[in-house]
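Written out below as structure tokens is the structure these notes cover.
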Amino acid sequence: RATRAAYPRHPRRLAGLLAATVALALLATACGAPARAASTKGAPVVTVVTGLWPLQQAIAAIGQGNVRAVDVVPAGQDPRTWRLDGGARSRVRSADLVVELGGGWQPTLTAAARGARHVLDLSRAIPHLPPYPWLNPYTMESIARAIAASLDRVDPQAKGTFANGEQDEQALLGSLDADFQSTLGSGGCATQNLVNSDQAFTALDTRYQVHVVPIDGATPAPFFPDKATVAHELQVVRRAGVHEIYYDTWQKQDGLLEVEAEAQVKLGTLDPLTGIPPGGWPKGLKSYLNLMEYDLGAITNALGCPQPGL
């Protein structure tokens with residue numbers, strides 16, 4: 001039987017992005033903690049609540065010392081299935097701003113946000129928002145702009161601070177986007193097909209030269225390994241002509257083990273970065289940027305792309 005893979009063990013040369021990643025890691029905070037050191041005026045003056053870790057990271061970076069960015073989903077809980085308790089609903093309603101993905105992704109957060117002062121629903125603010133949009137660095141640039149604009153409306157006096165924070169964040173995201181493009185669009189990859197157990201990484205399809213093939217079909221994840229499901233997954237994997245299939249860190253392997261054995265492929269892990277996994281991330285992988293680079297390393301290996309700098 002296959003064992004649950006840890007994080008992909010293929011460090012990449014990050015060049016100029018490494019310094020930026022380290023800087024962001026020092027600025028971003030753990031779930032629910034103050035975003036950065038307090039502003040020169042004292043404690044952060046704006047409280048922003050979200051239910052997704054990558055959005056909390058972006059809010060913290062853009063808000064700088066003026067914002068306390070809070071993720072109401074506890075570490076180790078899957079944000080897609082977590083139901084907010086009374087305390088979390090109260091924090092949502094009392095926030096100065098709530099940032100949510102919308103589109104039915106976290107219905108209990110959406111319900112609690114109806115009583116908040118200001119709400120940024122990204123599914124409405126950004127046209128054609130893909131699933132798991134933070135997995136596409138270019139889309140994250142649009143998200144950063146929307147967050148900065150909402151912060152401006154909540155605290156106009158700190159507009160200059162937010163503008164500086166957004167500019168820094170856009171520079172980091174631009175470097176990450178360029179890294180994804182140069183690696184996945186190098187033209188030297190053995191295949192463009194990436195087989196993933198769910199819809200998460202289809203966010204890459206819109207910009208980068210990679211074709212993400214989700215094998216979950218119409219079956220909710222984690223799917224049950226009945227004969228019809230296994231037959232469907234086998235057909236998808238064989239048609240794609242790949243040697244490795246990926247599942248995300250929140251998903252059980254149950255339905256994939258039989259596919260792995262029948263199709264003679266390996267199982268790998270790609271982290272959708274929805275939230276802090278049980279037990280936390282490995283040491284040194286605590287920022288959005290370096291976790292995205294680690295995922296890029298796994299995708300690079302899966303597609304047989306040339307390794308940067310090698």
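We name chains A, B, ... following the order of the structure tokens; residues begin at 1 in each chain, and ligands are numbered from 1 as shown.
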Checklist entry - So which residues touch Asp271 (chain A) within 7 Å, counting only C-alpha atoms, skipping near sequence neighbours fewer than 4 positions away, as an MDAnalysis selection string? => result chainID A and resid 248:249 295
Please, could you write that set of residues out with all heavy atoms as an mmCIF file, in the first residue's frame?
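File produced: out.cif:
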data_model
loop_
_atom_site.group_PDB
_atom_site.id
_atom_site.type_symbol
_atom_site.label_atom_id
_atom_site.label_comp_id
_atom_site.auth_asym_id
_atom_site.auth_seq_id
_atom_site.Cartn_x
_atom_site.Cartn_y
_atom_site.Cartn_z
ATOM 1 N N ASP A 248 -4.452 16.117 -2.642
ATOM 2 C CA ASP A 248 -4.078 17.229 -1.783
ATOM 3 C C ASP A 248 -3.959 16.784 -0.332
ATOM 4 O O ASP A 248 -4.367 15.688 0.054
ATOM 5 C CB ASP A 248 -5.016 18.439 -1.968
ATOM 6 C CG ASP A 248 -6.381 18.260 -1.332
ATOM 7 O OD1 ASP A 248 -6.462 17.733 -0.217
ATOM 8 O OD2 ASP A 248 -7.373 18.680 -1.952
ATOM 9 N N THR A 249 -3.367 17.640 0.481
ATOM 10 C CA THR A 249 -3.009 17.293 1.853
ATOM 11 C C THR A 249 -4.220 17.045 2.745
ATOM 12 O O THR A 249 -4.081 16.488 3.833
ATOM 13 C CB THR A 249 -2.164 18.418 2.472
ATOM 14 O OG1 THR A 249 -2.824 19.673 2.263
ATOM 15 C CG2 THR A 249 -0.803 18.473 1.813
ATOM 16 N N ASP A 295 5.257 23.747 -4.248
ATOM 17 C CA ASP A 295 4.287 23.133 -5.159
ATOM 18 C C ASP A 295 4.786 23.181 -6.598
ATOM 19 O O ASP A 295 4.629 22.225 -7.356
ATOM 20 C CB ASP A 295 2.927 23.850 -5.066
ATOM 21 C CG ASP A 295 2.031 23.263 -3.985
ATOM 22 O OD1 ASP A 295 2.303 22.157 -3.493
ATOM 23 O OD2 ASP A 295 1.028 23.919 -3.629
#
Next on the checklist: Neighbouring residues of region 138-151 of chain A were defined as those with any atom within 8 Å, considering only C-alpha atoms; residues of the same chain fewer than 4 positions away were excluded. Please report them as JSON, numbers by chain.
Outcome noted: {"A": [58, 59, 62, 63, 97, 99, 120, 122, 125, 126, 129, 133, 134, 155, 156, 159, 162, 163, 166, 169, 170, 173, 174, 177, 207]}
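Proximity of A:Gln181, A:Thr110, A:Thr47, A:Ser123 to Ala60 (chain A), computed with only C-alpha atoms, is greatest for A:Thr47.
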Shell of 8 Å around region 195-203 of chain A, only C-alpha atoms, local chain residues under 6 positions omitted, as a PDB file with C-alpha atoms, in the first residue's frame:
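And here's selection_37.pdb as it stands now:
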ATOM      1  CA  PRO A 130     -11.097  30.286 -10.926  1.00  0.00           C
ATOM      2  CA  PRO A 131     -11.424  27.702  -8.154  1.00  0.00           C
ATOM      3  CA  TYR A 132      -8.648  27.990  -5.572  1.00  0.00           C
ATOM      4  CA  PRO A 133      -7.536  31.294  -7.137  1.00  0.00           C
ATOM      5  CA  LEU A 135      -2.851  28.838  -6.655  1.00  0.00           C
ATOM      6  CA  ASN A 136      -2.501  31.160  -9.665  1.00  0.00           C
ATOM      7  CA  HIS A 211      -3.239  20.970 -18.468  1.00  0.00           C
ATOM      8  CA  VAL A 212      -4.641  19.927 -15.100  1.00  0.00           C
ATOM      9  CA  VAL A 213      -6.736  16.760 -15.319  1.00  0.00           C
ATOM     10  CA  PRO A 214      -8.941  16.305 -12.228  1.00  0.00           C
ATOM     11  CA  ILE A 215      -9.907  12.683 -11.669  1.00  0.00           C
ATOM     12  CA  ASP A 216     -12.668  13.215  -9.137  1.00  0.00           C
ATOM     13  CA  ALA A 221     -13.835  14.053  -2.519  1.00  0.00           C
ATOM     14  CA  VAL A 237      -5.096   8.374 -15.716  1.00  0.00           C
ATOM     15  CA  ALA A 240      -3.421  11.305 -19.700  1.00  0.00           C
ATOM     16  CA  VAL A 242       1.219  10.045 -16.724  1.00  0.00           C
ATOM     17  CA  GLU A 244       2.239   9.963 -11.061  1.00  0.00           C
ATOM     18  CA  ILE A 245      -1.072  11.245  -9.718  1.00  0.00           C
ATOM     19  CA  TYR A 246      -1.441  13.858  -7.019  1.00  0.00           C
ATOM     20  CA  TYR A 247      -3.875  14.295  -4.175  1.00  0.00           C
ATOM     21  CA  ASP A 248      -4.078  17.229  -1.783  1.00  0.00           C
ATOM     22  CA  PRO A 272      -3.753  23.526  -2.102  1.00  0.00           C
TER      23      PRO A 272
END
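Comparing A:Leu303, A:Asp85, A:Leu172, A:Gln64 by their smallest distance to Asn290 (chain A), the closest is A:Leu172 (using only C-alpha atoms).
Among the candidates A:Pro107, A:Gly65, A:Pro44, A:Gly51, the residue lying nearest to Ala88 (chain A) is A:Gly51 (atoms considered: only C-alpha atoms).
Of the residues under consideration (A:Ile299, A:Val45, A:Leu194, A:Ala112), A:Leu194 shows the shortest atom-to-atom contact distance to Val236 (chain A) when counting only C-alpha atoms.
With CA of Leu234 (chain A) on one side and CA of Met292 (chain A) on the other, the separation reads 28.5 Å.
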Item to check | Atom pair CA of Gly102 (chain A) / CA of Asp121 (chain A): separation (Å) | outcome: 5.4 Å
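Comparing A:Leu176, A:Ala190, A:Leu289, A:Val98 by their smallest distance to Leu52 (chain A), the closest is A:Val98 (using only C-alpha atoms).
One finds CA of Asp179 (chain A) at 28.9 Å from CA of Gly279 (chain A).
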Checklist entry - Which residues in region 27-230 of chain A does DSSP call strand (DSSP E)? List them as a ChimeraX atom specification. => result /A:46-50,67-71,97-100,119-121,193-196,211-214
Can you spit out the residues from that selection as a short mmCIF file (atom, residue, chain, number, x, y, z; two decimals), in the first residue's frame, using N, CA, C and O atoms?
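Written out: again_21.cif:
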data_model
loop_
_atom_site.label_atom_id
_atom_site.label_comp_id
_atom_site.auth_asym_id
_atom_site.auth_seq_id
_atom_site.Cartn_x
_atom_site.Cartn_y
_atom_site.Cartn_z
N VAL A 46 -7.31 48.37 12.33
CA VAL A 46 -8.35 47.73 11.52
C VAL A 46 -8.25 46.22 11.72
O VAL A 46 -7.17 45.65 11.62
N THR A 47 -9.39 45.59 12.02
CA THR A 47 -9.43 44.13 12.14
C THR A 47 -10.10 43.55 10.90
O THR A 47 -11.23 43.91 10.57
N VAL A 48 -9.38 42.68 10.21
CA VAL A 48 -9.89 42.06 8.99
C VAL A 48 -9.95 40.56 9.23
O VAL A 48 -8.97 39.95 9.66
N VAL A 49 -11.10 39.97 8.95
CA VAL A 49 -11.32 38.54 9.18
C VAL A 49 -11.51 37.82 7.85
O VAL A 49 -12.15 38.34 6.94
N THR A 50 -10.95 36.63 7.76
CA THR A 50 -11.15 35.76 6.61
C THR A 50 -11.21 34.33 7.10
O THR A 50 -10.99 34.07 8.29
N VAL A 67 -3.21 46.82 10.28
CA VAL A 67 -4.23 45.78 10.16
C VAL A 67 -3.89 44.59 11.05
O VAL A 67 -2.74 44.15 11.11
N ARG A 68 -4.92 44.09 11.71
CA ARG A 68 -4.83 42.81 12.39
C ARG A 68 -5.59 41.82 11.54
O ARG A 68 -6.81 41.90 11.41
N ALA A 69 -4.88 40.88 10.91
CA ALA A 69 -5.48 39.92 10.00
C ALA A 69 -5.77 38.62 10.74
O ALA A 69 -4.86 38.03 11.33
N VAL A 70 -7.01 38.17 10.72
CA VAL A 70 -7.43 37.01 11.50
C VAL A 70 -8.04 35.95 10.58
O VAL A 70 -8.93 36.26 9.78
N ASP A 71 -7.55 34.72 10.70
CA ASP A 71 -8.16 33.58 10.02
C ASP A 71 -8.98 32.84 11.08
O ASP A 71 -8.42 32.32 12.05
N LEU A 97 -13.70 44.53 8.47
CA LEU A 97 -13.81 44.04 7.10
C LEU A 97 -13.74 42.53 7.11
O LEU A 97 -12.94 41.94 7.85
N VAL A 98 -14.58 41.89 6.31
CA VAL A 98 -14.52 40.44 6.10
C VAL A 98 -14.16 40.20 4.64
O VAL A 98 -14.77 40.76 3.74
N VAL A 99 -13.13 39.38 4.43
CA VAL A 99 -12.72 39.02 3.07
C VAL A 99 -13.05 37.54 2.88
O VAL A 99 -12.51 36.68 3.60
N GLU A 100 -13.93 37.24 1.92
CA GLU A 100 -14.32 35.87 1.68
C GLU A 100 -14.21 35.53 0.20
O GLU A 100 -14.29 36.41 -0.66
N VAL A 119 -17.84 43.91 3.67
CA VAL A 119 -17.54 42.57 3.19
C VAL A 119 -16.98 42.66 1.77
O VAL A 119 -17.55 43.33 0.92
N LEU A 120 -15.85 41.99 1.55
CA LEU A 120 -15.29 41.85 0.21
C LEU A 120 -15.54 40.41 -0.23
O LEU A 120 -14.92 39.48 0.29
N ASP A 121 -16.46 40.23 -1.17
CA ASP A 121 -16.75 38.93 -1.76
C ASP A 121 -15.95 38.85 -3.06
O ASP A 121 -16.29 39.48 -4.05
N ASN A 193 0.28 17.38 -19.07
CA ASN A 193 -0.81 16.81 -18.29
C ASN A 193 -0.41 16.58 -16.84
O ASN A 193 0.56 15.88 -16.55
N LEU A 194 -1.17 17.19 -15.93
CA LEU A 194 -0.98 16.99 -14.50
C LEU A 194 -2.28 16.41 -13.96
O LEU A 194 -3.31 17.07 -13.99
N VAL A 195 -2.23 15.18 -13.48
CA VAL A 195 -3.43 14.52 -12.96
C VAL A 195 -3.51 14.77 -11.46
O VAL A 195 -2.64 14.38 -10.70
N ASN A 196 -4.60 15.42 -11.07
CA ASN A 196 -4.82 15.79 -9.68
C ASN A 196 -6.14 15.19 -9.22
O ASN A 196 -7.10 15.08 -9.99
N HIS A 211 -1.85 21.41 -18.37
CA HIS A 211 -3.24 20.97 -18.47
C HIS A 211 -3.54 20.10 -17.26
O HIS A 211 -3.05 18.97 -17.15
N VAL A 212 -4.32 20.65 -16.32
CA VAL A 212 -4.64 19.93 -15.10
C VAL A 212 -5.85 19.03 -15.36
O VAL A 212 -6.90 19.50 -15.79
N VAL A 213 -5.67 17.75 -15.10
CA VAL A 213 -6.74 16.76 -15.32
C VAL A 213 -7.25 16.29 -13.96
O VAL A 213 -6.59 15.49 -13.29
N PRO A 214 -8.40 16.79 -13.50
CA PRO A 214 -8.94 16.30 -12.23
C PRO A 214 -9.60 14.94 -12.41
O PRO A 214 -10.31 14.72 -13.39
#
Item to check | Which of region 84-215 of chain A DSSP labels alpha helix (DSSP H), written as an NGL selection string | outcome: :A and (86-94 or 107-113 or 122-125 or 137-154 or 159-184)
Take the residues from that selection and put them in a file with C-alpha atoms, as a CSV table (one decimal), in the first residue's frame.
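out18.csv, freshly written:
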chain,number,residue,atom,x,y,z
A,86,GLY,CA,-20.3,30.9,18.1
A,87,GLY,CA,-17.1,32.7,19.0
A,88,ALA,CA,-15.9,32.7,15.4
A,89,ARG,CA,-19.3,34.0,14.1
A,90,SER,CA,-19.0,36.8,16.7
A,91,ARG,CA,-15.5,37.7,15.5
A,92,VAL,CA,-16.8,37.8,11.9
A,93,ARG,CA,-19.7,40.1,12.7
A,94,SER,CA,-17.5,42.5,14.8
A,107,PRO,CA,-21.4,29.1,3.6
A,108,THR,CA,-21.1,29.5,7.4
A,109,LEU,CA,-18.6,32.4,6.9
A,110,THR,CA,-20.9,34.0,4.3
A,111,ALA,CA,-23.9,33.7,6.7
A,112,ALA,CA,-21.9,35.3,9.6
A,113,ALA,CA,-20.6,38.0,7.3
A,122,LEU,CA,-14.0,38.0,-4.2
A,123,SER,CA,-16.3,35.9,-6.4
A,124,ARG,CA,-18.2,39.1,-7.1
A,125,ALA,CA,-15.3,41.6,-7.2
A,137,PRO,CA,0.0,34.0,-8.8
A,138,TYR,CA,-1.4,36.2,-11.6
A,139,THR,CA,-4.9,35.9,-10.2
A,140,MET,CA,-3.5,36.7,-6.7
A,141,GLU,CA,-2.4,40.0,-8.1
A,142,SER,CA,-6.1,40.9,-8.8
A,143,ILE,CA,-7.0,39.7,-5.3
A,144,ALA,CA,-4.3,41.9,-3.8
A,145,ARG,CA,-5.8,45.0,-5.6
A,146,ALA,CA,-9.3,44.2,-4.4
A,147,ILE,CA,-8.1,43.8,-0.8
A,148,ALA,CA,-6.1,47.1,-0.9
A,149,ALA,CA,-9.2,48.9,-2.4
A,150,SER,CA,-11.4,47.5,0.4
A,151,LEU,CA,-8.9,48.5,3.1
A,152,ASP,CA,-8.9,52.1,1.6
A,153,ARG,CA,-12.6,52.3,2.1
A,154,VAL,CA,-12.5,51.0,5.7
A,159,LYS,CA,-4.4,54.8,2.2
A,160,GLY,CA,-0.7,55.5,1.7
A,161,THR,CA,0.3,52.6,4.0
A,162,PHE,CA,-2.0,50.2,2.1
A,163,ALA,CA,-0.7,51.5,-1.2
A,164,ASN,CA,2.9,50.7,-0.1
A,165,GLY,CA,1.8,47.3,1.1
A,166,GLU,CA,0.1,46.5,-2.1
A,167,GLN,CA,3.1,47.6,-4.2
A,168,ASP,CA,5.4,45.3,-2.2
A,169,GLU,CA,2.9,42.4,-2.5
A,170,GLN,CA,2.5,42.9,-6.2
A,171,ALA,CA,6.2,42.8,-6.7
A,172,LEU,CA,6.5,39.5,-4.9
A,173,LEU,CA,3.5,38.0,-6.8
A,174,GLY,CA,5.0,39.3,-10.1
A,175,SER,CA,8.2,37.5,-9.4
A,176,LEU,CA,6.3,34.3,-8.5
A,177,ASP,CA,4.2,34.5,-11.6
A,178,ALA,CA,7.4,35.0,-13.7
A,179,ASP,CA,8.9,31.9,-12.1
A,180,PHE,CA,5.8,29.8,-12.9
A,181,GLN,CA,5.8,31.0,-16.5
A,182,SER,CA,9.5,30.5,-17.1
A,183,THR,CA,9.4,27.0,-15.6
A,184,LEU,CA,6.1,25.6,-16.9
Compile the contact shell of Pro306 (chain A) as a PDB file with all heavy atoms, in the first residue's frame: residues with an atom at most 12 Å away, counting only C-alpha atoms, same-chain residues fewer than 2 positions apart removed.
ATOM      1  N   ARG A  12      14.048  23.966  -4.819  1.00  0.00           N
ATOM      2  CA  ARG A  12      14.383  24.610  -6.076  1.00  0.00           C
ATOM      3  C   ARG A  12      15.217  25.852  -5.816  1.00  0.00           C
ATOM      4  O   ARG A  12      15.193  26.418  -4.734  1.00  0.00           O
ATOM      5  CB  ARG A  12      13.095  24.996  -6.818  1.00  0.00           C
ATOM      6  CG  ARG A  12      12.163  23.825  -7.012  1.00  0.00           C
ATOM      7  CD  ARG A  12      10.856  24.269  -7.626  1.00  0.00           C
ATOM      8  NE  ARG A  12      11.055  24.800  -8.961  1.00  0.00           N
ATOM      9  CZ  ARG A  12      10.956  26.077  -9.261  1.00  0.00           C
ATOM     10  NH1 ARG A  12      10.675  26.960  -8.352  1.00  0.00           N
ATOM     11  NH2 ARG A  12      11.132  26.486 -10.499  1.00  0.00           N
ATOM     12  N   SER A 182       8.179  30.897 -16.538  1.00  0.00           N
ATOM     13  CA  SER A 182       9.451  30.480 -17.129  1.00  0.00           C
ATOM     14  C   SER A 182       9.699  28.992 -16.942  1.00  0.00           C
ATOM     15  O   SER A 182      10.329  28.350 -17.790  1.00  0.00           O
ATOM     16  CB  SER A 182      10.605  31.286 -16.516  1.00  0.00           C
ATOM     17  OG  SER A 182      10.709  31.037 -15.122  1.00  0.00           O
ATOM     18  N   THR A 183       9.198  28.438 -15.836  1.00  0.00           N
ATOM     19  CA  THR A 183       9.414  27.010 -15.571  1.00  0.00           C
ATOM     20  C   THR A 183       8.443  26.138 -16.356  1.00  0.00           C
ATOM     21  O   THR A 183       8.845  25.221 -17.070  1.00  0.00           O
ATOM     22  CB  THR A 183       9.268  26.720 -14.068  1.00  0.00           C
ATOM     23  OG1 THR A 183      10.202  27.513 -13.341  1.00  0.00           O
ATOM     24  CG2 THR A 183       9.535  25.245 -13.774  1.00  0.00           C
ATOM     25  N   LEU A 184       7.149  26.435 -16.241  1.00  0.00           N
ATOM     26  CA  LEU A 184       6.136  25.588 -16.871  1.00  0.00           C
ATOM     27  C   LEU A 184       5.989  25.895 -18.356  1.00  0.00           C
ATOM     28  O   LEU A 184       5.493  25.057 -19.108  1.00  0.00           O
ATOM     29  CB  LEU A 184       4.793  25.764 -16.155  1.00  0.00           C
ATOM     30  CG  LEU A 184       4.809  25.416 -14.658  1.00  0.00           C
ATOM     31  CD1 LEU A 184       3.440  25.656 -14.043  1.00  0.00           C
ATOM     32  CD2 LEU A 184       5.262  23.985 -14.428  1.00  0.00           C
ATOM     33  N   GLY A 185       6.385  27.082 -18.764  1.00  0.00           N
ATOM     34  CA  GLY A 185       6.275  27.446 -20.166  1.00  0.00           C
ATOM     35  C   GLY A 185       7.598  27.384 -20.904  1.00  0.00           C
ATOM     36  O   GLY A 185       7.766  28.019 -21.945  1.00  0.00           O
ATOM     37  N   SER A 186       8.528  26.619 -20.374  1.00  0.00           N
ATOM     38  CA  SER A 186       9.867  26.565 -20.970  1.00  0.00           C
ATOM     39  C   SER A 186       9.889  25.857 -22.319  1.00  0.00           C
ATOM     40  O   SER A 186      10.823  26.021 -23.097  1.00  0.00           O
ATOM     41  CB  SER A 186      10.823  25.834 -20.008  1.00  0.00           C
ATOM     42  OG  SER A 186      10.427  24.479 -19.854  1.00  0.00           O
ATOM     43  N   GLY A 187       8.855  25.068 -22.583  1.00  0.00           N
ATOM     44  CA  GLY A 187       8.819  24.304 -23.828  1.00  0.00           C
ATOM     45  C   GLY A 187       9.594  23.009 -23.763  1.00  0.00           C
ATOM     46  O   GLY A 187       9.575  22.213 -24.699  1.00  0.00           O
ATOM     47  N   GLY A 188      10.274  22.766 -22.657  1.00  0.00           N
ATOM     48  CA  GLY A 188      11.064  21.543 -22.540  1.00  0.00           C
ATOM     49  C   GLY A 188      10.439  20.486 -21.669  1.00  0.00           C
ATOM     50  O   GLY A 188      11.079  19.479 -21.356  1.00  0.00           O
ATOM     51  N   CYS A 189       9.182  20.698 -21.239  1.00  0.00           N
ATOM     52  CA  CYS A 189       8.522  19.728 -20.373  1.00  0.00           C
ATOM     53  C   CYS A 189       8.116  18.491 -21.172  1.00  0.00           C
ATOM     54  O   CYS A 189       7.698  18.594 -22.330  1.00  0.00           O
ATOM     55  CB  CYS A 189       7.289  20.338 -19.708  1.00  0.00           C
ATOM     56  SG  CYS A 189       7.645  21.811 -18.714  1.00  0.00           S
ATOM     57  N   ALA A 190       8.227  17.322 -20.544  1.00  0.00           N
ATOM     58  CA  ALA A 190       7.898  16.072 -21.226  1.00  0.00           C
ATOM     59  C   ALA A 190       6.407  15.952 -21.503  1.00  0.00           C
ATOM     60  O   ALA A 190       5.997  15.318 -22.475  1.00  0.00           O
ATOM     61  CB  ALA A 190       8.373  14.885 -20.387  1.00  0.00           C
ATOM     62  N   THR A 191       5.576  16.541 -20.652  1.00  0.00           N
ATOM     63  CA  THR A 191       4.123  16.505 -20.832  1.00  0.00           C
ATOM     64  C   THR A 191       3.510  17.772 -20.248  1.00  0.00           C
ATOM     65  O   THR A 191       4.156  18.474 -19.467  1.00  0.00           O
ATOM     66  CB  THR A 191       3.505  15.268 -20.140  1.00  0.00           C
ATOM     67  OG1 THR A 191       2.080  15.266 -20.328  1.00  0.00           O
ATOM     68  CG2 THR A 191       3.783  15.280 -18.647  1.00  0.00           C
ATOM     69  N   GLY A 297       7.813  23.099  -7.521  1.00  0.00           N
ATOM     70  CA  GLY A 297       8.825  22.063  -7.643  1.00  0.00           C
ATOM     71  C   GLY A 297       8.204  20.701  -7.916  1.00  0.00           C
ATOM     72  O   GLY A 297       8.694  19.935  -8.748  1.00  0.00           O
ATOM     73  N   ILE A 299       5.235  20.144  -9.315  1.00  0.00           N
ATOM     74  CA  ILE A 299       4.644  20.180 -10.654  1.00  0.00           C
ATOM     75  C   ILE A 299       5.732  20.061 -11.724  1.00  0.00           C
ATOM     76  O   ILE A 299       5.557  19.377 -12.741  1.00  0.00           O
ATOM     77  CB  ILE A 299       3.829  21.478 -10.836  1.00  0.00           C
ATOM     78  CG1 ILE A 299       2.635  21.485  -9.884  1.00  0.00           C
ATOM     79  CG2 ILE A 299       3.345  21.621 -12.280  1.00  0.00           C
ATOM     80  CD1 ILE A 299       1.938  22.825  -9.785  1.00  0.00           C
ATOM     81  N   THR A 300       6.856  20.722 -11.494  1.00  0.00           N
ATOM     82  CA  THR A 300       7.980  20.649 -12.429  1.00  0.00           C
ATOM     83  C   THR A 300       8.452  19.204 -12.612  1.00  0.00           C
ATOM     84  O   THR A 300       8.680  18.732 -13.724  1.00  0.00           O
ATOM     85  CB  THR A 300       9.142  21.522 -11.928  1.00  0.00           C
ATOM     86  OG1 THR A 300       8.725  22.891 -11.853  1.00  0.00           O
ATOM     87  CG2 THR A 300      10.349  21.428 -12.849  1.00  0.00           C
ATOM     88  N   ASN A 301       8.578  18.493 -11.485  1.00  0.00           N
ATOM     89  CA  ASN A 301       8.976  17.092 -11.551  1.00  0.00           C
ATOM     90  C   ASN A 301       7.923  16.237 -12.248  1.00  0.00           C
ATOM     91  O   ASN A 301       8.238  15.349 -13.041  1.00  0.00           O
ATOM     92  CB  ASN A 301       9.225  16.557 -10.144  1.00  0.00           C
ATOM     93  CG  ASN A 301      10.596  16.939  -9.605  1.00  0.00           C
ATOM     94  OD1 ASN A 301      11.350  17.641 -10.260  1.00  0.00           O
ATOM     95  ND2 ASN A 301      10.889  16.504  -8.396  1.00  0.00           N
ATOM     96  N   ALA A 302       6.640  16.509 -11.942  1.00  0.00           N
ATOM     97  CA  ALA A 302       5.554  15.714 -12.523  1.00  0.00           C
ATOM     98  C   ALA A 302       5.508  15.846 -14.026  1.00  0.00           C
ATOM     99  O   ALA A 302       5.218  14.883 -14.743  1.00  0.00           O
ATOM    100  CB  ALA A 302       4.219  16.145 -11.911  1.00  0.00           C
ATOM    101  N   LEU A 303       5.777  17.048 -14.540  1.00  0.00           N
ATOM    102  CA  LEU A 303       5.690  17.296 -15.977  1.00  0.00           C
ATOM    103  C   LEU A 303       7.011  17.020 -16.699  1.00  0.00           C
ATOM    104  O   LEU A 303       7.068  17.089 -17.931  1.00  0.00           O
ATOM    105  CB  LEU A 303       5.254  18.744 -16.241  1.00  0.00           C
ATOM    106  CG  LEU A 303       3.913  19.175 -15.649  1.00  0.00           C
ATOM    107  CD1 LEU A 303       3.581  20.596 -16.073  1.00  0.00           C
ATOM    108  CD2 LEU A 303       2.789  18.218 -16.046  1.00  0.00           C
ATOM    109  N   GLY A 304       8.050  16.743 -15.927  1.00  0.00           N
ATOM    110  CA  GLY A 304       9.359  16.499 -16.548  1.00  0.00           C
ATOM    111  C   GLY A 304       9.943  17.748 -17.159  1.00  0.00           C
ATOM    112  O   GLY A 304      10.568  17.698 -18.233  1.00  0.00           O
ATOM    113  N   PRO A 308      15.139  24.774 -13.068  1.00  0.00           N
ATOM    114  CA  PRO A 308      15.793  26.085 -13.220  1.00  0.00           C
ATOM    115  C   PRO A 308      17.204  26.085 -12.676  1.00  0.00           C
ATOM    116  O   PRO A 308      17.467  25.544 -11.604  1.00  0.00           O
ATOM    117  CB  PRO A 308      14.890  27.008 -12.379  1.00  0.00           C
ATOM    118  CG  PRO A 308      13.567  26.301 -12.323  1.00  0.00           C
ATOM    119  CD  PRO A 308      13.891  24.844 -12.310  1.00  0.00           C
ATOM    120  N   GLY A 309      18.106  26.667 -13.434  1.00  0.00           N
ATOM    121  CA  GLY A 309      19.485  26.805 -12.989  1.00  0.00           C
ATOM    122  C   GLY A 309      20.332  25.559 -13.157  1.00  0.00           C
ATOM    123  O   GLY A 309      21.498  25.539 -12.754  1.00  0.00           O
ATOM    124  N   LEU A 310      19.738  24.481 -13.695  1.00  0.00           N
ATOM    125  CA  LEU A 310      20.497  23.246 -13.853  1.00  0.00           C
ATOM    126  C   LEU A 310      20.826  22.995 -15.327  1.00  0.00           C
ATOM    127  O   LEU A 310      20.091  23.427 -16.183  1.00  0.00           O
ATOM    128  CB  LEU A 310      19.692  22.067 -13.293  1.00  0.00           C
ATOM    129  CG  LEU A 310      19.376  22.121 -11.795  1.00  0.00           C
ATOM    130  CD1 LEU A 310      18.602  20.885 -11.370  1.00  0.00           C
ATOM    131  CD2 LEU A 310      20.665  22.229 -10.973  1.00  0.00           C
TER     132      LEU A 310
END
